[in-house]
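What follows is target-v1.cif (mmCIF, C-alpha atoms).
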```
data_entry
#
loop_
_atom_site.label_atom_id
_atom_site.label_comp_id
_atom_site.auth_asym_id
_atom_site.auth_seq_id
_atom_site.Cartn_x
_atom_site.Cartn_y
_atom_site.Cartn_z
CA MET V 190 0.00 0.00 0.00
CA ASN V 191 1.54 3.29 -1.09
CA LYS V 192 1.17 6.69 0.54
CA THR V 193 -1.74 7.76 -1.67
CA GLU V 194 -3.67 4.57 -0.97
CA ILE V 195 -3.08 4.94 2.77
CA ALA V 196 -4.33 8.53 2.66
CA GLU V 197 -7.48 7.48 0.79
CA GLN V 198 -8.17 4.65 3.23
CA LEU V 199 -7.74 6.96 6.24
CA THR V 200 -10.13 9.48 4.65
CA ASN V 201 -12.69 6.73 4.04
CA LYS V 202 -12.50 5.60 7.66
CA LYS V 203 -12.56 9.11 9.14
CA ASP V 204 -16.34 9.26 9.57
CA LEU V 205 -16.32 5.94 11.44
CA TYR V 206 -13.55 7.11 13.78
CA ASN V 207 -15.32 10.42 14.37
CA ARG V 208 -18.51 8.58 15.28
CA LEU V 209 -16.55 6.28 17.56
CA GLY V 210 -14.92 9.25 19.34
CA GLN V 211 -18.20 11.11 19.78
CA ASN V 212 -19.98 8.05 21.17
CA ILE V 213 -17.20 7.14 23.60
CA VAL V 214 -16.98 10.71 24.92
CA GLU V 215 -20.75 10.71 25.47
CA ALA V 216 -20.61 7.32 27.22
CA LEU V 217 -17.74 8.39 29.50
CA LYS V 218 -19.56 11.56 30.52
CA THR V 219 -22.63 9.48 31.40
CA PHE V 220 -20.65 6.93 33.41
CA MET V 221 -18.67 9.58 35.31
CA SER V 222 -21.72 11.69 36.09
CA ALA V 223 -23.51 8.62 37.42
CA GLU V 224 -20.62 8.01 39.85
CA LEU V 225 -20.27 11.72 40.71
CA ILE V 226 -16.72 11.94 39.37
CA PRO V 227 -15.93 15.57 38.48
CA TYR V 228 -13.89 16.30 35.37
CA LEU V 229 -12.48 19.30 33.56
CA ASN V 230 -13.01 17.96 30.05
CA ILE V 231 -13.46 14.82 27.98
CA TYR V 232 -12.68 15.09 24.28
CA PHE V 233 -11.33 13.14 21.33
CA ARG V 234 -9.13 13.75 18.31
CA ILE V 235 -8.54 11.84 15.10
CA LYS V 236 -4.90 11.38 14.09
CA LYS V 237 -3.87 13.62 11.22
CA PHE V 238 -2.47 11.95 8.14
CA ASP V 239 1.06 13.40 8.47
CA SER V 240 1.35 12.04 12.01
CA PHE V 241 -0.23 8.74 10.95
CA TYR V 242 2.15 8.25 8.03
CA GLU V 243 5.21 9.33 10.04
CA LYS V 244 4.42 6.62 12.56
CA ILE V 245 4.06 4.01 9.81
CA GLU V 246 7.49 4.83 8.45
CA ARG V 247 9.15 5.11 11.86
CA LYS V 248 7.72 1.81 13.10
CA LYS V 249 7.95 0.04 9.73
CA TYR V 250 4.31 -1.01 9.96
CA THR V 251 2.93 -3.26 7.24
CA ASP V 252 -0.71 -3.31 8.46
CA PRO V 253 -1.09 0.25 9.81
CA PHE V 254 -4.85 0.26 10.41
CA GLU V 255 -4.47 -2.73 12.69
CA GLN V 256 -1.08 -1.87 14.20
CA ILE V 257 -1.71 1.83 14.94
CA GLU V 258 -4.13 1.77 17.83
CA ASP V 259 -4.58 5.49 18.55
CA ILE V 260 -6.09 6.72 15.29
CA CYS V 261 -8.92 7.80 17.56
CA GLY V 262 -7.62 9.16 20.86
CA ILE V 263 -9.84 10.13 23.78
CA ARG V 264 -8.55 12.20 26.70
CA VAL V 265 -10.22 12.38 30.11
CA ILE V 266 -8.99 15.24 32.32
CA CYS V 267 -9.74 14.75 36.02
CA TYR V 268 -8.99 16.98 38.99
CA TYR V 269 -7.40 14.44 41.34
CA ASN V 270 -5.30 11.28 41.15
CA SER V 271 -7.96 9.39 43.09
CA ASP V 272 -10.46 10.20 40.32
CA VAL V 273 -8.03 8.83 37.73
CA VAL V 274 -8.17 5.52 39.61
CA ARG V 275 -11.98 5.57 39.62
CA VAL V 276 -12.13 6.27 35.87
CA ASN V 277 -9.72 3.38 35.29
CA GLU V 278 -12.23 1.04 36.94
CA ILE V 279 -15.07 2.36 34.76
CA ILE V 280 -13.07 1.71 31.60
CA LYS V 281 -12.11 -1.82 32.65
CA ARG V 282 -15.75 -2.56 33.48
CA GLU V 283 -17.48 -0.95 30.50
CA PHE V 284 -15.14 -1.46 27.52
CA ASP V 285 -13.36 -4.33 25.83
CA VAL V 286 -9.85 -3.46 27.04
CA LEU V 287 -7.01 -4.87 24.95
CA GLU V 288 -4.03 -3.23 26.68
CA VAL V 289 -3.38 -1.15 29.79
CA GLN V 290 -0.28 0.97 30.25
CA ASP V 291 0.78 3.18 33.15
CA LYS V 292 3.24 5.58 31.55
CA SER V 293 4.79 6.51 34.90
CA ASP V 294 6.17 2.96 35.10
CA LEU V 295 8.02 3.40 31.82
CA LEU V 296 9.44 6.90 31.74
CA GLY V 297 11.74 9.04 33.85
CA LEU V 298 11.20 12.21 35.84
CA LYS V 299 11.09 14.52 32.88
CA GLU V 300 8.20 12.71 31.16
CA PHE V 301 5.60 13.94 33.63
CA ALA V 302 3.26 14.55 30.70
CA TYR V 303 2.97 10.81 30.33
CA ARG V 304 2.25 10.02 33.97
CA SER V 305 -1.18 8.91 32.92
CA GLN V 306 -3.16 5.76 32.33
CA HIS V 307 -3.49 4.63 28.71
CA PHE V 308 -6.03 2.05 27.55
CA ILE V 309 -6.30 0.48 24.12
CA PHE V 310 -9.85 -0.78 23.71
CA ARG V 311 -12.75 -1.72 21.50
CA THR V 312 -16.38 -0.97 22.23
CA ASN V 313 -18.33 -3.35 24.43
CA LYS V 314 -19.66 -6.20 22.28
CA LYS V 315 -23.11 -5.72 23.83
CA TRP V 316 -23.27 -2.21 22.34
CA ASN V 317 -22.44 -3.12 18.76
CA SER V 318 -26.01 -3.98 17.79
CA ALA V 319 -27.21 -0.48 18.74
CA PRO V 320 -27.60 1.80 15.67
CA LYS V 321 -25.06 4.39 16.77
CA TYR V 322 -22.38 1.74 17.40
CA ARG V 323 -23.04 -0.21 14.20
CA ASP V 324 -19.85 -0.86 12.18
CA LEU V 325 -17.63 0.36 15.04
CA GLY V 326 -16.95 -2.97 16.78
CA ASP V 327 -13.68 -3.73 14.98
CA LEU V 328 -12.12 -0.28 15.51
CA LYS V 329 -9.49 0.24 18.19
CA ALA V 330 -9.05 3.47 20.09
CA GLU V 331 -6.98 4.87 22.95
CA ILE V 332 -8.17 6.52 26.15
CA GLN V 333 -5.75 8.64 28.21
CA ILE V 334 -6.70 9.60 31.76
CA LEU V 335 -4.79 12.53 33.27
CA THR V 336 -5.12 15.06 36.04
CA VAL V 337 -5.42 18.76 35.17
CA LEU V 338 -1.74 19.28 35.99
CA MET V 339 -0.66 16.29 33.91
CA HIS V 340 -2.67 17.69 31.02
CA ALA V 341 -1.13 21.15 31.44
CA TRP V 342 2.38 19.69 31.45
CA ALA V 343 1.60 17.57 28.38
CA GLU V 344 0.35 20.58 26.45
CA ILE V 345 3.34 22.75 27.36
CA GLU V 346 5.83 19.99 26.68
CA HIS V 347 4.18 19.38 23.32
CA LYS V 348 4.79 23.03 22.45
CA LEU V 349 8.46 22.65 23.37
CA ASN V 350 8.56 19.82 20.81
CA TYR V 351 10.98 17.53 22.64
CA LYS V 352 10.25 13.81 22.41
CA SER V 353 12.92 12.62 24.85
CA ASP V 354 15.43 13.82 27.43
CA ALA V 355 18.25 13.42 24.95
CA GLN V 356 16.72 16.01 22.61
CA VAL V 357 16.70 18.73 25.27
CA PRO V 358 19.76 21.01 25.33
CA GLU V 359 21.75 20.16 28.46
CA LEU V 360 21.51 23.78 29.57
CA PHE V 361 17.73 23.37 30.13
CA GLN V 362 17.49 19.77 31.34
CA ARG V 363 17.89 20.64 35.01
CA LYS V 364 15.06 23.21 34.81
CA LEU V 365 12.76 20.63 33.20
CA PHE V 366 13.60 18.08 35.91
CA ARG V 367 12.79 20.62 38.63
CA LEU V 368 9.52 21.65 36.98
CA SER V 369 8.53 18.02 36.56
CA ALA V 370 9.06 17.38 40.27
CA LYS V 371 7.03 20.46 41.21
CA PHE V 372 4.09 19.41 39.05
CA GLU V 373 4.14 15.91 40.49
CA GLU V 374 4.38 17.22 44.06
CA ALA V 375 1.52 19.67 43.41
CA ASP V 376 -0.68 16.81 42.18
CA GLU V 377 0.03 14.91 45.40
CA GLN V 378 -0.63 17.96 47.56
CA PHE V 379 -3.95 18.72 45.87
CA GLU V 380 -4.97 15.14 46.66
CA GLU V 381 -3.91 15.60 50.29
CA LEU V 382 -5.79 18.90 50.43
CA LYS V 383 -8.95 17.25 49.11
CA GLU V 384 -8.70 14.45 51.67
CA GLY V 385 -8.01 16.94 54.46
CA ILE V 386 -11.10 19.00 53.61
CA GLU V 387 -13.26 15.86 53.44
CA ASN V 388 -12.00 14.74 56.87
CA TYR V 389 -12.60 18.23 58.26
CA LYS V 390 -16.23 18.18 57.06
CA LYS V 391 -16.74 14.65 58.38
CA GLN V 392 -15.40 15.49 61.85
CA LEU V 393 -17.42 18.71 61.94
CA ASN V 394 -20.68 16.93 61.20
CA GLU V 395 -19.89 14.01 63.51
CA LYS V 396 -19.35 16.44 66.39
CA ILE V 397 -22.69 18.15 65.73
CA THR V 398 -24.46 14.79 65.54
CA SER V 399 -22.90 13.42 68.73
CA THR V 400 -23.50 16.57 70.82
CA ASN V 401 -26.66 17.81 69.08
CA LYS V 402 -25.12 21.29 69.32
CA PHE V 403 -23.44 23.76 67.01
CA ASP V 404 -20.44 25.62 68.40
CA LEU V 405 -21.18 29.26 67.55
CA SER V 406 -17.66 30.36 68.51
CA GLN V 407 -15.90 28.28 65.85
CA ASP V 408 -14.25 29.66 62.74
CA PHE V 409 -16.68 31.10 60.20
CA ASN V 410 -15.86 29.54 56.84
CA LEU V 411 -17.81 28.01 53.98
CA GLU V 412 -17.77 24.48 55.45
CA THR V 413 -18.88 25.55 58.92
CA LEU V 414 -21.64 27.68 57.36
CA LYS V 415 -22.89 24.62 55.44
CA ALA V 416 -22.88 22.63 58.68
CA PHE V 417 -24.79 25.40 60.48
CA ILE V 418 -27.47 25.53 57.76
CA LYS V 419 -27.87 21.74 57.77
CA TYR V 420 -28.09 21.75 61.56
CA LYS V 421 -30.77 24.45 61.63
CA PHE V 422 -32.61 23.38 58.46
CA PRO V 423 -31.87 19.65 57.89
CA ASP V 424 -34.40 19.28 55.04
CA ASP V 425 -33.26 22.28 53.00
CA LYS V 426 -31.60 21.90 49.60
CA TRP V 427 -29.11 24.73 49.15
CA SER V 428 -26.87 24.94 46.10
CA GLU V 429 -23.16 25.75 46.28
CA LYS V 430 -23.97 29.15 44.77
CA ASN V 431 -26.44 29.87 47.61
CA TYR V 432 -23.90 28.89 50.27
CA SER V 433 -21.19 30.98 48.68
CA ARG V 434 -23.40 34.04 48.37
CA THR V 435 -24.56 33.75 51.99
CA PHE V 436 -20.99 33.30 53.20
CA GLU V 437 -19.79 36.40 51.36
CA GLU V 438 -22.71 38.36 52.78
CA PHE V 439 -22.16 37.44 56.44
CA SER V 440 -18.36 37.09 56.53
CA LYS V 441 -18.29 40.89 56.82
CA TYR V 442 -19.65 40.77 60.37
CA GLU V 443 -17.98 39.78 63.63
CA ASN V 444 -19.59 36.86 65.50
CA ALA V 445 -21.44 35.88 62.32
CA PHE V 446 -22.75 32.60 63.73
CA GLU V 447 -24.19 34.29 66.80
CA LEU V 448 -25.89 36.82 64.54
CA LEU V 449 -27.32 34.12 62.27
CA ASN V 450 -28.40 31.99 65.21
CA ARG V 451 -30.31 34.89 66.81
CA GLY V 452 -32.09 35.55 63.53
CA VAL V 453 -33.09 31.93 63.01
CA ASP V 454 -34.28 31.46 66.59
CA ALA V 455 -36.30 34.68 66.47
CA PHE V 456 -38.13 34.06 63.20
CA ALA V 457 -37.99 30.37 62.20
CA GLU V 458 -41.57 29.77 63.35
CA SER V 459 -42.89 32.81 61.48
CA MET V 460 -40.94 32.16 58.26
CA GLY V 461 -44.13 31.58 56.24
CA ASP V 462 -45.66 34.84 57.42
CA ILE V 463 -42.50 36.79 56.55
CA LEU V 464 -42.37 35.35 53.06
CA ARG V 465 -46.01 36.24 52.47
CA GLU V 466 -45.37 39.78 53.77
CA LEU V 467 -42.44 40.17 51.40
CA LYS V 468 -44.53 39.10 48.45
CA LYS V 469 -47.40 41.38 49.46
CA ALA V 470 -44.96 44.30 49.82
CA GLY V 471 -43.81 43.82 46.24
CA TYR V 472 -40.54 41.97 46.79
CA ASP V 473 -40.23 39.72 43.74
CA ASN V 474 -36.76 38.18 44.17
CA LEU V 475 -37.98 35.00 45.85
CA ASN V 476 -35.99 32.57 43.73
CA PHE V 477 -33.70 31.58 46.63
CA PRO V 478 -34.41 28.82 49.17
CA ASP V 479 -36.93 30.12 51.71
CA THR V 480 -34.48 29.65 54.58
CA MET V 481 -31.86 31.72 52.77
CA THR V 482 -34.32 34.60 52.44
CA LEU V 483 -35.23 34.15 56.11
CA LEU V 484 -31.58 34.36 57.22
CA TRP V 485 -31.00 37.62 55.40
CA ILE V 486 -34.18 39.38 56.42
CA ALA V 487 -34.02 38.13 60.02
CA ILE V 488 -30.63 39.76 60.53
CA ASP V 489 -31.89 43.01 59.04
CA ILE V 490 -34.85 42.94 61.45
CA ILE V 491 -32.95 42.18 64.67
CA ASP V 492 -29.80 44.24 64.07
CA ASP V 493 -30.12 47.95 63.23
CA GLU V 494 -26.42 48.36 62.46
CA VAL V 495 -26.40 45.50 59.97
CA PHE V 496 -29.54 46.79 58.29
CA GLN V 497 -28.12 50.30 58.01
CA PHE V 498 -24.86 48.93 56.61
CA ARG V 499 -26.79 46.95 53.99
CA LEU V 500 -28.86 50.02 53.13
CA ASP V 501 -25.73 52.14 52.70
CA SER V 502 -24.01 49.49 50.56
CA GLY V 503 -27.08 48.77 48.43
CA GLY V 504 -27.46 45.23 49.79
CA ALA V 505 -31.06 45.80 50.87
CA ALA V 506 -32.18 48.15 48.10
CA ASP V 507 -35.47 46.44 47.17
CA GLU V 508 -38.41 48.56 48.35
CA GLY V 509 -40.55 45.56 49.25
CA TRP V 510 -37.72 44.15 51.38
CA ILE V 511 -37.12 47.47 53.16
CA LYS V 512 -40.85 47.95 53.79
CA THR V 513 -41.15 44.49 55.38
CA VAL V 514 -38.04 44.95 57.54
CA LYS V 515 -39.22 48.32 58.84
CA LYS V 516 -42.69 46.93 59.56
CA ARG V 517 -41.22 44.05 61.58
CA LYS V 518 -38.83 46.34 63.42
CA ALA V 519 -41.73 48.56 64.44
CA GLU V 520 -43.71 45.55 65.68
CA MET V 521 -40.72 44.35 67.73
CA LYS V 522 -40.32 47.77 69.39
CA LYS V 523 -44.06 47.92 70.14
CA THR V 524 -43.90 44.44 71.75
CA LYS V 525 -40.94 45.43 73.93
CA ASN V 526 -42.70 48.56 75.08
#
```

Any chance you could give the structure as structure tokens?
Amino acid sequence: MNKTEIAEQLTNKKDLYNRLGQNIVEALKTFMSAELIPYLNIYFRIKKFDSFYEKIERKKYTDPFEQIEDICGIRVICYYNSDVVRVNEIIKREFDVLEVQDKSDLLGLKEFAYRSQHFIFRTNKKWNSAPKYRDLGDLKAEIQILTVLMHAWAEIEHKLNYKSDAQVPELFQRKLFRLSAKFEEADEQFEELKEGIENYKKQLNEKITSTNKFDLSQDFNLETLKAFIKYKFPDDKWSEKNYSRTFEEFSKYENAFELLNRGVDAFAESMGDILRELKKAGYDNLNFPDTMTLLWIAIDIIDDEVFQFRLDSGGAADEGWIKTVKKRKAEMKKTKN
């Protein structure tokens, strides 16, 4: 087979390989979402002819479409090494794996870009009768699983265009070695950081459960705020965006937990009435969880300084909100008197 014939055959197979890549990316996203594995990106590429032909000549291949196994290459970019391990298990379970290679076992310090898991595979035989997998069963493809930092190193190293240590001018080898070590250490430390945060959250919630109390004097951070909300409102479904917004709002105040706790204790039982009053007063921004709205308005009602600060900064600018707060404040003063 000459060069022209090889080019024609690759062109003829391109649609099949594109369909294979698209389907595998879709399947991987479904599998990872089902197991709650976060990822930065999952994508595929089809080998360009120049690269394909160069490999044929370099490797002296006589049956290139069988011998070259990465014509279709899929890359999965995870955040943590532990997620790489979990994706490995998905691939072994869901695909017809022909070969597994851990590049870190083969290459030295400099080749950090290749510290990834590579799988050569075919589609699961059970899938091949489905219309979108028809005619794809005999095609091989490669999946690479990397962390974000591995991916970054791979992309930068690719731009440097060095295929091995020997190609790098000696003047720059030491710098590459040092950078490689830093990237690898950073990957390990991100994993340790993730585990540390998970343990912190676990211990925090275990303490609340065992004592049935929330320590209002503890550090005010996003994780302790989440624990406070779950302690006070165990059935509520807050999103990360809601938690973050509430944290930014109340991190400005000293003794934030004591402030929040006073507000909840004072108005939790009348939450429904307050929400109805807000709506009647014309406040139309009720797209947050009810308890989130309660937290904000309760603090405005019980603390004049906070309310004035929010007025001055534009944080309580809605007329319906202001009207309801002032009405409640007046009622509180009347009750005290």

List every residue of region 241-336 of chain V that has an atom at most 12 Å from any atom of region 377-386 of chain V, and for each one report the closest atom pair and its distance in Å to one decimal, counting all atoms listed in the file, with rows sorted by chain and then by increasing residue number, as a Markdown table.
```
| residue | atom | partner | partner_atom | distance |
| --- | --- | --- | --- | --- |
| V:Cys267 | CA | V:Glu380 | CA | 11.7 |
| V:Tyr268 | CA | V:Phe379 | CA | 8.7 |
| V:Tyr269 | CA | V:Glu380 | CA | 5.9 |
| V:Asn270 | CA | V:Glu380 | CA | 6.7 |
| V:Ser271 | CA | V:Glu380 | CA | 7.4 |
| V:Asp272 | CA | V:Glu380 | CA | 9.7 |
| V:Val273 | CA | V:Glu380 | CA | 11.4 |
| V:Thr336 | CA | V:Phe379 | CA | 10.6 |
```

**Spatial neighbours of Val514 (chain V), 6 Å, all atoms listed in the file, chain gap at least 3 places, as a list in words** =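 Close residues of Val514 (chain V): Ile490, Ile511 and Arg517 of chain V.
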
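Residues matched by the PyMOL selection byres ((chain V and resi 387-401) around 12) in this structure: V:Glu380, V:Glu381, V:Leu382, V:Lys383, V:Glu384, V:Gly385, V:Ile386, V:Lys402, V:Phe403, V:Asp404, V:Leu405, V:Gln407, V:Asp408, V:Asn410, V:Leu411, V:Glu412, V:Thr413, V:Leu414, V:Lys415, V:Ala416, V:Phe417, V:Ile418, V:Lys419, V:Tyr420, V:Lys421, V:Pro423.
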
**Asked** So how many Å separate CA of Gly210 (chain V) and CA of Phe233 (chain V), to one decimal?
**Response**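 Interatomic distance here is 5.7 Å.
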
Quick one: residues within 10 Å of Thr312 (chain V), only C-alpha atoms counted, chain neighbours fewer than 5 positions away excluded, as a short mmCIF file (atom, residue, chain, number, x, y, z; two decimals) with C-alpha atoms, in the coordinates of the input?
```cif
data_model
loop_
_atom_site.label_atom_id
_atom_site.label_comp_id
_atom_site.auth_asym_id
_atom_site.auth_seq_id
_atom_site.Cartn_x
_atom_site.Cartn_y
_atom_site.Cartn_z
CA LEU V 209 -16.55 6.28 17.56
CA ASN V 212 -19.98 8.05 21.17
CA ILE V 213 -17.20 7.14 23.60
CA GLU V 283 -17.48 -0.95 30.50
CA PHE V 284 -15.14 -1.46 27.52
CA ASP V 285 -13.36 -4.33 25.83
CA VAL V 286 -9.85 -3.46 27.04
CA ASN V 317 -22.44 -3.12 18.76
CA TYR V 322 -22.38 1.74 17.40
CA LEU V 325 -17.63 0.36 15.04
CA GLY V 326 -16.95 -2.97 16.78
CA ASP V 327 -13.68 -3.73 14.98
CA LEU V 328 -12.12 -0.28 15.51
CA LYS V 329 -9.49 0.24 18.19
CA ALA V 330 -9.05 3.47 20.09
#
```

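Shortest separation to Lys426 (chain V) among V:Gln497, V:Thr480, V:Thr251, V:Asn450 occurs at residue V:Thr480, atoms counted being all atoms listed in the file.
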